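Novice: File name my_file05.txt; file contents compact mmCIF, C-alpha atoms; full text below.
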# COMPACT_ATOMS: atom_id res chain seq x y z
CA MET A 1 -122.30 -180.39 46.57
CA LYS A 2 -125.26 -177.97 46.88
CA GLY A 3 -127.35 -180.77 48.42
CA ARG A 4 -124.71 -181.46 51.08
CA LEU A 5 -124.30 -177.74 51.85
CA PHE A 6 -128.07 -177.34 52.31
CA PHE A 7 -128.13 -180.41 54.59
CA LEU A 8 -125.33 -178.91 56.74
CA LEU A 9 -127.15 -175.57 57.00
CA ILE A 10 -130.32 -177.31 58.23
CA LEU A 11 -128.38 -179.25 60.86
CA SER A 12 -126.54 -176.12 62.00
CA SER A 13 -129.78 -174.13 62.33
CA THR A 14 -131.40 -176.89 64.36
CA ALA A 15 -128.38 -177.06 66.63
CA LEU A 16 -128.50 -173.32 67.33
CA ILE A 17 -132.18 -173.45 68.24
CA SER A 18 -131.81 -176.39 70.60
CA CYS A 19 -128.55 -175.41 72.32
CA LYS A 20 -127.92 -173.01 75.16
CA LYS A 21 -126.26 -169.69 74.42
CA ASN A 22 -122.55 -169.93 73.56
CA GLN A 23 -122.70 -173.77 73.54
CA LEU A 24 -121.00 -175.32 70.50
CA GLU A 25 -122.58 -178.22 68.56
CA GLU A 26 -120.59 -180.61 66.43
CA VAL A 27 -122.01 -181.04 62.91
CA VAL A 28 -121.34 -184.38 61.20
CA GLU A 29 -121.62 -184.66 57.45
CA VAL A 30 -123.54 -187.82 56.39
CA PRO A 31 -122.43 -189.04 52.95
CA LEU A 32 -125.07 -190.07 50.43
CA PRO A 33 -125.25 -193.80 49.48
CA THR A 34 -122.80 -194.82 46.79
CA VAL A 35 -123.73 -196.79 43.68
CA GLU A 36 -122.18 -199.90 45.25
CA HIS A 37 -124.69 -199.79 48.12
CA LYS A 38 -127.80 -199.61 45.95
CA MET A 39 -129.97 -202.72 45.65
CA VAL A 40 -129.78 -204.56 42.34
CA ILE A 41 -133.04 -206.11 41.18
CA GLY A 42 -132.65 -209.34 39.25
CA HIS A 43 -134.98 -211.28 36.96
CA PRO A 44 -137.34 -214.11 38.00
CA ASP A 45 -136.10 -216.39 35.21
CA ASP A 46 -132.66 -216.42 36.84
CA VAL A 47 -133.96 -217.94 40.08
CA HIS A 48 -133.78 -221.73 40.44
CA ALA A 49 -134.18 -224.00 43.43
CA GLU A 50 -131.75 -226.80 44.21
CA SER A 51 -132.56 -230.20 42.77
CA GLY A 52 -135.46 -231.93 44.47
CA PRO A 53 -139.02 -233.14 43.98
CA PHE A 54 -140.50 -229.66 44.42
CA GLN A 55 -139.57 -226.72 42.27
CA MET A 56 -140.63 -223.07 42.27
CA VAL A 57 -143.49 -222.04 40.05
CA SER A 58 -142.26 -219.82 37.24
CA LEU A 59 -143.28 -216.26 37.95
CA PRO A 60 -145.74 -215.45 35.13
CA TYR A 61 -144.72 -211.78 35.03
CA ASP A 62 -141.64 -209.61 35.65
CA TYR A 63 -140.89 -208.07 39.03
CA ASP A 64 -142.08 -204.65 37.84
CA ALA A 65 -145.30 -205.90 36.19
CA LEU A 66 -147.46 -205.33 39.28
CA LEU A 67 -146.66 -201.63 39.67
CA PRO A 68 -147.95 -199.51 41.31
CA GLY A 69 -149.60 -202.10 43.55
CA ILE A 70 -146.43 -204.03 44.46
CA GLU A 71 -143.03 -202.53 43.68
CA PRO A 72 -140.15 -204.52 42.09
CA MET A 73 -137.83 -204.71 45.11
CA THR A 74 -140.52 -206.36 47.22
CA MET A 75 -141.25 -208.85 44.44
CA ASP A 76 -137.55 -209.62 43.99
CA MET A 77 -136.95 -210.20 47.70
CA HIS A 78 -140.15 -212.18 48.13
CA TYR A 79 -139.63 -214.49 45.16
CA SER A 80 -135.85 -214.86 44.92
CA LYS A 81 -135.10 -214.92 48.66
CA HIS A 82 -138.09 -216.04 50.76
CA TYR A 83 -139.80 -218.40 48.30
CA LEU A 84 -136.51 -219.84 47.09
CA THR A 85 -135.40 -220.54 50.66
CA TYR A 86 -138.66 -222.26 51.57
CA THR A 87 -138.45 -224.45 48.46
CA ASN A 88 -134.89 -225.52 49.17
CA ASN A 89 -135.69 -226.16 52.83
CA LEU A 90 -138.69 -228.30 51.90
CA ASN A 91 -136.59 -230.54 49.67
CA ARG A 92 -133.93 -230.83 52.36
CA SER A 93 -136.59 -231.72 54.94
CA LEU A 94 -137.79 -234.56 52.74
CA ASP A 95 -134.20 -235.79 52.30
CA SER A 96 -133.71 -235.80 56.07
CA LEU A 97 -136.76 -238.05 56.49
CA GLN A 98 -135.08 -240.63 54.25
CA SER A 99 -138.38 -241.51 52.63
CA ALA A 100 -139.76 -241.33 49.12
CA ALA A 101 -140.90 -237.76 48.47
CA GLU A 102 -144.59 -237.31 47.81
CA PRO A 103 -144.82 -235.57 44.43
CA ASP A 104 -148.30 -234.22 45.23
CA ILE A 105 -147.93 -231.26 47.60
CA GLU A 106 -151.63 -231.26 48.49
CA LYS A 107 -151.49 -234.89 49.65
CA LEU A 108 -148.32 -234.15 51.60
CA LEU A 109 -150.05 -231.27 53.41
CA SER A 110 -153.33 -233.07 54.08
CA GLY A 111 -151.49 -236.00 55.71
CA LEU A 112 -148.96 -233.86 57.55
CA ASN A 113 -147.77 -234.56 61.08
CA MET A 114 -148.46 -231.14 62.60
CA ASN A 115 -145.85 -231.78 65.31
CA ASP A 116 -143.13 -231.81 62.66
CA GLN A 117 -142.57 -228.05 62.72
CA ASN A 118 -139.78 -228.05 60.14
CA LEU A 119 -141.80 -229.87 57.49
CA ARG A 120 -144.99 -228.06 58.46
CA ASN A 121 -143.42 -224.61 58.04
CA ASN A 122 -141.51 -225.29 54.84
CA ALA A 123 -144.14 -227.40 53.05
CA GLY A 124 -146.78 -224.84 53.99
CA ALA A 125 -144.64 -221.91 52.89
CA TYR A 126 -143.82 -223.59 49.58
CA TYR A 127 -147.46 -224.30 48.76
CA ASN A 128 -148.74 -220.96 50.05
CA HIS A 129 -146.25 -218.89 48.07
CA SER A 130 -146.78 -220.92 44.91
CA LEU A 131 -150.50 -220.16 45.09
CA PHE A 132 -149.93 -216.51 46.03
CA PHE A 133 -147.65 -215.68 43.10
CA GLU A 134 -149.97 -217.39 40.62
CA SER A 135 -152.95 -215.53 42.10
CA MET A 136 -151.75 -212.24 40.62
CA ALA A 137 -151.34 -210.95 37.09
CA ALA A 138 -150.39 -207.86 35.16
CA LYS A 139 -153.19 -205.92 33.48
CA GLY A 140 -155.31 -207.69 30.93
CA ASN A 141 -155.45 -211.19 32.43
CA ARG A 142 -158.03 -210.97 35.19
CA ALA A 143 -161.37 -212.16 33.79
CA MET A 144 -163.53 -214.23 36.17
CA SER A 145 -165.51 -217.17 34.79
CA ASP A 146 -169.29 -217.24 35.00
CA THR A 147 -169.06 -220.37 37.14
CA LEU A 148 -166.98 -218.68 39.83
CA SER A 149 -168.93 -215.41 39.60
CA LYS A 150 -172.23 -217.22 40.23
CA ALA A 151 -170.69 -219.21 43.11
CA ILE A 152 -169.46 -216.01 44.80
CA THR A 153 -172.89 -214.42 44.47
CA ARG A 154 -174.56 -217.59 45.75
CA ASP A 155 -172.33 -218.02 48.82
CA PHE A 156 -171.63 -214.39 49.80
CA GLY A 157 -174.57 -212.44 48.36
CA SER A 158 -172.48 -210.35 45.95
CA PHE A 159 -168.90 -209.80 44.86
CA ASP A 160 -168.68 -206.63 46.96
CA ILE A 161 -169.77 -208.49 50.11
CA PHE A 162 -167.14 -211.15 49.41
CA LYS A 163 -164.46 -208.49 48.81
CA ASN A 164 -165.31 -206.67 52.03
CA GLN A 165 -165.23 -209.90 54.03
CA PHE A 166 -161.90 -210.96 52.53
CA GLU A 167 -160.30 -207.55 53.15
CA ASP A 168 -161.70 -207.40 56.68
CA GLU A 169 -160.29 -210.83 57.55
CA ALA A 170 -156.92 -209.82 56.08
CA SER A 171 -156.86 -206.67 58.19
CA LYS A 172 -157.62 -208.62 61.38
CA VAL A 173 -154.87 -211.24 61.07
CA PHE A 174 -152.67 -210.74 64.11
CA GLY A 175 -149.00 -211.00 63.25
CA SER A 176 -148.01 -213.16 60.28
CA GLY A 177 -150.40 -215.33 58.33
CA TRP A 178 -152.54 -215.91 55.27
CA VAL A 179 -156.05 -215.20 53.97
CA TRP A 180 -157.80 -217.74 51.76
CA LEU A 181 -160.77 -218.25 49.50
CA VAL A 182 -161.46 -221.98 49.68
CA THR A 183 -163.98 -224.41 48.25
CA ASN A 184 -165.27 -227.57 49.88
CA ARG A 185 -166.18 -230.80 48.11
CA SER A 186 -169.66 -229.55 47.26
CA GLY A 187 -168.29 -226.38 45.65
CA ALA A 188 -169.31 -224.00 48.45
CA LEU A 189 -166.94 -221.07 48.99
CA SER A 190 -165.60 -219.69 52.28
CA VAL A 191 -163.09 -217.08 53.44
CA THR A 192 -160.70 -218.15 56.17
CA THR A 193 -157.32 -217.29 57.68
CA THR A 194 -154.38 -219.29 59.00
CA PRO A 195 -151.39 -218.28 61.14
CA ASN A 196 -147.74 -218.50 60.13
CA GLN A 197 -147.36 -220.90 57.16
CA ASP A 198 -150.41 -223.08 57.85
CA ASN A 199 -153.12 -223.50 55.21
CA PRO A 200 -156.62 -225.00 54.92
CA LEU A 201 -155.32 -228.32 53.54
CA MET A 202 -153.55 -229.18 56.80
CA PRO A 203 -155.13 -231.23 59.60
CA GLY A 204 -156.93 -229.42 62.41
CA GLN A 205 -157.91 -226.25 60.54
CA ALA A 206 -161.08 -224.38 61.57
CA ILE A 207 -162.23 -224.31 57.94
CA LYS A 208 -160.82 -226.97 55.66
CA GLY A 209 -161.01 -226.92 51.90
CA THR A 210 -159.11 -226.48 48.67
CA PRO A 211 -157.57 -223.00 48.41
CA ILE A 212 -158.24 -221.15 45.17
CA LEU A 213 -156.99 -217.68 46.23
CA ALA A 214 -154.22 -216.75 48.69
CA LEU A 215 -153.08 -213.46 50.19
CA ASP A 216 -149.76 -213.30 52.07
CA VAL A 217 -149.96 -210.90 55.02
CA TRP A 218 -146.49 -211.58 56.37
CA GLU A 219 -144.62 -208.29 56.63
CA HIS A 220 -142.03 -209.36 54.05
CA ALA A 221 -144.84 -209.26 51.46
CA TYR A 222 -145.52 -205.55 51.83
CA TYR A 223 -143.42 -203.71 54.45
CA LEU A 224 -140.77 -202.25 52.14
CA GLN A 225 -143.49 -200.37 50.28
CA TYR A 226 -146.38 -199.93 52.70
CA GLN A 227 -144.71 -200.14 56.14
CA TYR A 228 -147.49 -200.45 58.76
CA LYS A 229 -150.27 -199.64 56.25
CA ARG A 230 -151.39 -203.20 55.65
CA LYS A 231 -154.84 -202.07 54.51
CA LYS A 232 -153.29 -200.20 51.56
CA TYR A 233 -151.45 -203.38 50.55
CA ILE A 234 -154.67 -205.42 50.75
CA GLU A 235 -156.49 -202.90 48.57
CA ALA A 236 -153.65 -202.97 46.04
CA TYR A 237 -153.66 -206.78 45.99
CA PHE A 238 -157.34 -206.90 45.04
CA LYS A 239 -156.58 -204.89 41.92
CA LEU A 240 -153.95 -207.46 40.90
CA ILE A 241 -155.88 -210.72 41.33
CA ASN A 242 -155.71 -213.06 38.37
CA TRP A 243 -159.36 -214.11 38.35
CA LYS A 244 -158.78 -216.25 35.28
CA LYS A 245 -156.36 -218.44 37.28
CA VAL A 246 -158.61 -218.46 40.36
CA SER A 247 -161.53 -219.55 38.16
CA GLU A 248 -159.45 -222.38 36.73
CA ARG A 249 -158.61 -223.59 40.24
CA TYR A 250 -162.26 -223.52 41.24
CA GLU A 251 -163.36 -225.53 38.23
CA GLU A 252 -160.55 -228.04 38.75
CA ALA A 253 -161.74 -228.51 42.34
CA LEU A 254 -165.31 -229.11 41.13
CA GLN A 255 -164.10 -231.81 38.78
CA ARG A 256 -162.49 -233.71 41.68
CA LYS A 257 -165.84 -234.28 43.40
For this file, write the structure as structure tokens.
Specialist:
Amino acid sequence: MKGRLFFLLILSSTALISCKKNQLEEVVEVPLPTVEHKMVIGHPDDVHAESGPFQMVSLPYDYDALLPGIEPMTMDMHYSKHYLTYTNNLNRSLDSLQSAAEPDIEKLLSGLNMNDQNLRNNAGAYYNHSLFFESMAAKGNRAMSDTLSKAITRDFGSFDIFKNQFEDEASKVFGSGWVWLVTNRSGALSVTTTPNQDNPLMPGQAIKGTPILALDVWEHAYYLQYQYKRKKYIEAYFKLINWKKVSERYEEALQRK
């Protein structure tokens, strides 16, 4: 009650300052949100895609595990709404083609018909988000292997140079897109970006390679928390990278040579 009274006094004072003498101003009381209107955050284990050849990766941490870098509501919306929708849409797209689904998402992407916008967007979004969510970890699971550490130093000069280049590329993405650390068949590392839901596995990319690290710079990944301050989100992301997982991806790519 005291909060509402104070709010009304502020509105009334503002009205008197801005109005001409003897002019009356109507004051409208704005009710506070009720419990029923508050967002309810679920649990990642409760989220399941429809049946199909591609399923969501299990989130290896709770929605609140990445605080303060990424807050729970963003994680909930991103995982249980956006990622779930892309996964379901991908499986439906494959059904509509009436062909046997390719169980290997990387092969599907590398042989993609880029004119098929529906499959391109949903297959890309499925793969990109799967990599993104697995690229992060709660505290205590972020050790980089010597193999990856030496490769970063070899190809960028130092980890700090790599970090600055990655963050700079992320800041410069116009609109929605992704930032990648990729490796080619010889094991050389590069930083690149793609628009929308494209990725470096798809045909026609400026830099092709196997992604080992992904950063989502679509607004749905950060806007609830950071609004227009994308740079703050990028800085927070770098503190959450699961370098153990990224190292595993790099070494798996080397073994494919």
Novice: By how many Å are CA of Lys245 in chain A and CA of Met136 in chain A apart?
Specialist: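 Computed distance, CA of Lys245 in chain A to CA of Met136 in chain A, equals 8.4 Å.
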Novice: Do a neighbour search on range 37-54 of chain A at 9 Å with all atoms listed in the file, toss out local chain neighbours closer than 3 positions, and write the hits as a PyMOL selection string.
Specialist: chain A and resi 33-34+58-63+72-73+76-77+79-80+84-85+87-88+90-92+94-95+101-103+105+126
Novice: For each of A:Ser158, A:Ser135, A:Thr194, A:Ser176, take the minimum atom-to-atom distance to Tyr237 in chain A, counting all atoms listed in the file, then give the residue where this is smallest.
Specialist: A:Ser135
Novice: So that I can see what lies close to Ser190 in chain A, please list as a PyMOL selection string the residues with an atom at most 12 Å from it, counting only C-alpha atoms and leaving out residues fewer than 2 positions away in the same chain.
Specialist: chain A and resi 151-156+162-163+165-166+169+179-188+192-193+200+206-213
Novice: How would the residues just picked look written out with C-alpha atoms as a PDB file, in the frame of the given file?
Specialist:
ATOM      1  CA  ALA A 151    -170.690-219.210  43.110  1.00  0.00           C
ATOM      2  CA  ILE A 152    -169.460-216.010  44.800  1.00  0.00           C
ATOM      3  CA  THR A 153    -172.890-214.420  44.470  1.00  0.00           C
ATOM      4  CA  ARG A 154    -174.560-217.590  45.750  1.00  0.00           C
ATOM      5  CA  ASP A 155    -172.330-218.020  48.820  1.00  0.00           C
ATOM      6  CA  PHE A 156    -171.630-214.390  49.800  1.00  0.00           C
ATOM      7  CA  PHE A 162    -167.140-211.150  49.410  1.00  0.00           C
ATOM      8  CA  LYS A 163    -164.460-208.490  48.810  1.00  0.00           C
ATOM      9  CA  GLN A 165    -165.230-209.900  54.030  1.00  0.00           C
ATOM     10  CA  PHE A 166    -161.900-210.960  52.530  1.00  0.00           C
ATOM     11  CA  GLU A 169    -160.290-210.830  57.550  1.00  0.00           C
ATOM     12  CA  VAL A 179    -156.050-215.200  53.970  1.00  0.00           C
ATOM     13  CA  TRP A 180    -157.800-217.740  51.760  1.00  0.00           C
ATOM     14  CA  LEU A 181    -160.770-218.250  49.500  1.00  0.00           C
ATOM     15  CA  VAL A 182    -161.460-221.980  49.680  1.00  0.00           C
ATOM     16  CA  THR A 183    -163.980-224.410  48.250  1.00  0.00           C
ATOM     17  CA  ASN A 184    -165.270-227.570  49.880  1.00  0.00           C
ATOM     18  CA  ARG A 185    -166.180-230.800  48.110  1.00  0.00           C
ATOM     19  CA  SER A 186    -169.660-229.550  47.260  1.00  0.00           C
ATOM     20  CA  GLY A 187    -168.290-226.380  45.650  1.00  0.00           C
ATOM     21  CA  ALA A 188    -169.310-224.000  48.450  1.00  0.00           C
ATOM     22  CA  THR A 192    -160.700-218.150  56.170  1.00  0.00           C
ATOM     23  CA  THR A 193    -157.320-217.290  57.680  1.00  0.00           C
ATOM     24  CA  PRO A 200    -156.620-225.000  54.920  1.00  0.00           C
ATOM     25  CA  ALA A 206    -161.080-224.380  61.570  1.00  0.00           C
ATOM     26  CA  ILE A 207    -162.230-224.310  57.940  1.00  0.00           C
ATOM     27  CA  LYS A 208    -160.820-226.970  55.660  1.00  0.00           C
ATOM     28  CA  GLY A 209    -161.010-226.920  51.900  1.00  0.00           C
ATOM     29  CA  THR A 210    -159.110-226.480  48.670  1.00  0.00           C
ATOM     30  CA  PRO A 211    -157.570-223.000  48.410  1.00  0.00           C
ATOM     31  CA  ILE A 212    -158.240-221.150  45.170  1.00  0.00           C
ATOM     32  CA  LEU A 213    -156.990-217.680  46.230  1.00  0.00           C
TER      33      LEU A 213
END
Novice: Which of these, A:Ser171, A:Asn121, A:Asn113, A:Gln255, has the shortest distance to Ile234 in chain A once you count all atoms listed in the file?
Specialist: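 Closest to Ile234 in chain A, using all atoms listed in the file: A:Ser171.
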Novice: Looking at A:Arg256, A:Lys107, A:Lys239, A:Arg230, which one is nearest to Ala170 in chain A, with distances taken over all atoms listed in the file?
Specialist: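 When distances to Ala170 in chain A are compared using all atoms listed in the file, the smallest one comes from A:Arg230.
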Novice: Under the rule that all atoms listed in the file are counted, which of A:Gln197, A:Asn242, A:Lys81, A:Leu189 is the nearest residue to Lys150 in chain A?
Specialist: A:Leu189
Novice: Work out how far apart CA of His129 in chain A and CA of Gly157 in chain A are and give it in Å to one decimal.
Specialist: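 One can read the CA of His129 in chain A to CA of Gly157 in chain A distance as 29.0 Å.
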Novice: Env of Ala236 in chain A: 10 Å cut, atoms = all atoms listed in the file, seq-sep filter 6 positions within chain, self excluded. Answer as a list in words.
Specialist: Leu66, Leu67, Pro68, Gly69, Ile70 and Arg230 of chain A
Novice: Could you check which of A:Gln55, A:Asn89, A:Thr147, A:Gln117 is closest to Asp104 in chain A, using only C-alpha atoms?
Specialist: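 With only C-alpha atoms as the atom set, the closest residue is A:Gln55.
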Novice: From the options A:Asn118, A:Ser149, A:Asn199, A:Ser93, which residue's atoms come nearest to Ala214 in chain A, counting all atoms listed in the file?
Specialist: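 Once distances to Ala214 in chain A are computed over all atoms listed in the file, the minimum belongs to A:Asn199.
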Novice: As an exercise, work out the distance from CA of Gln225 in chain A to CA of His78 in chain A in Å and give it to one decimal place.
Specialist: 12.5 Å
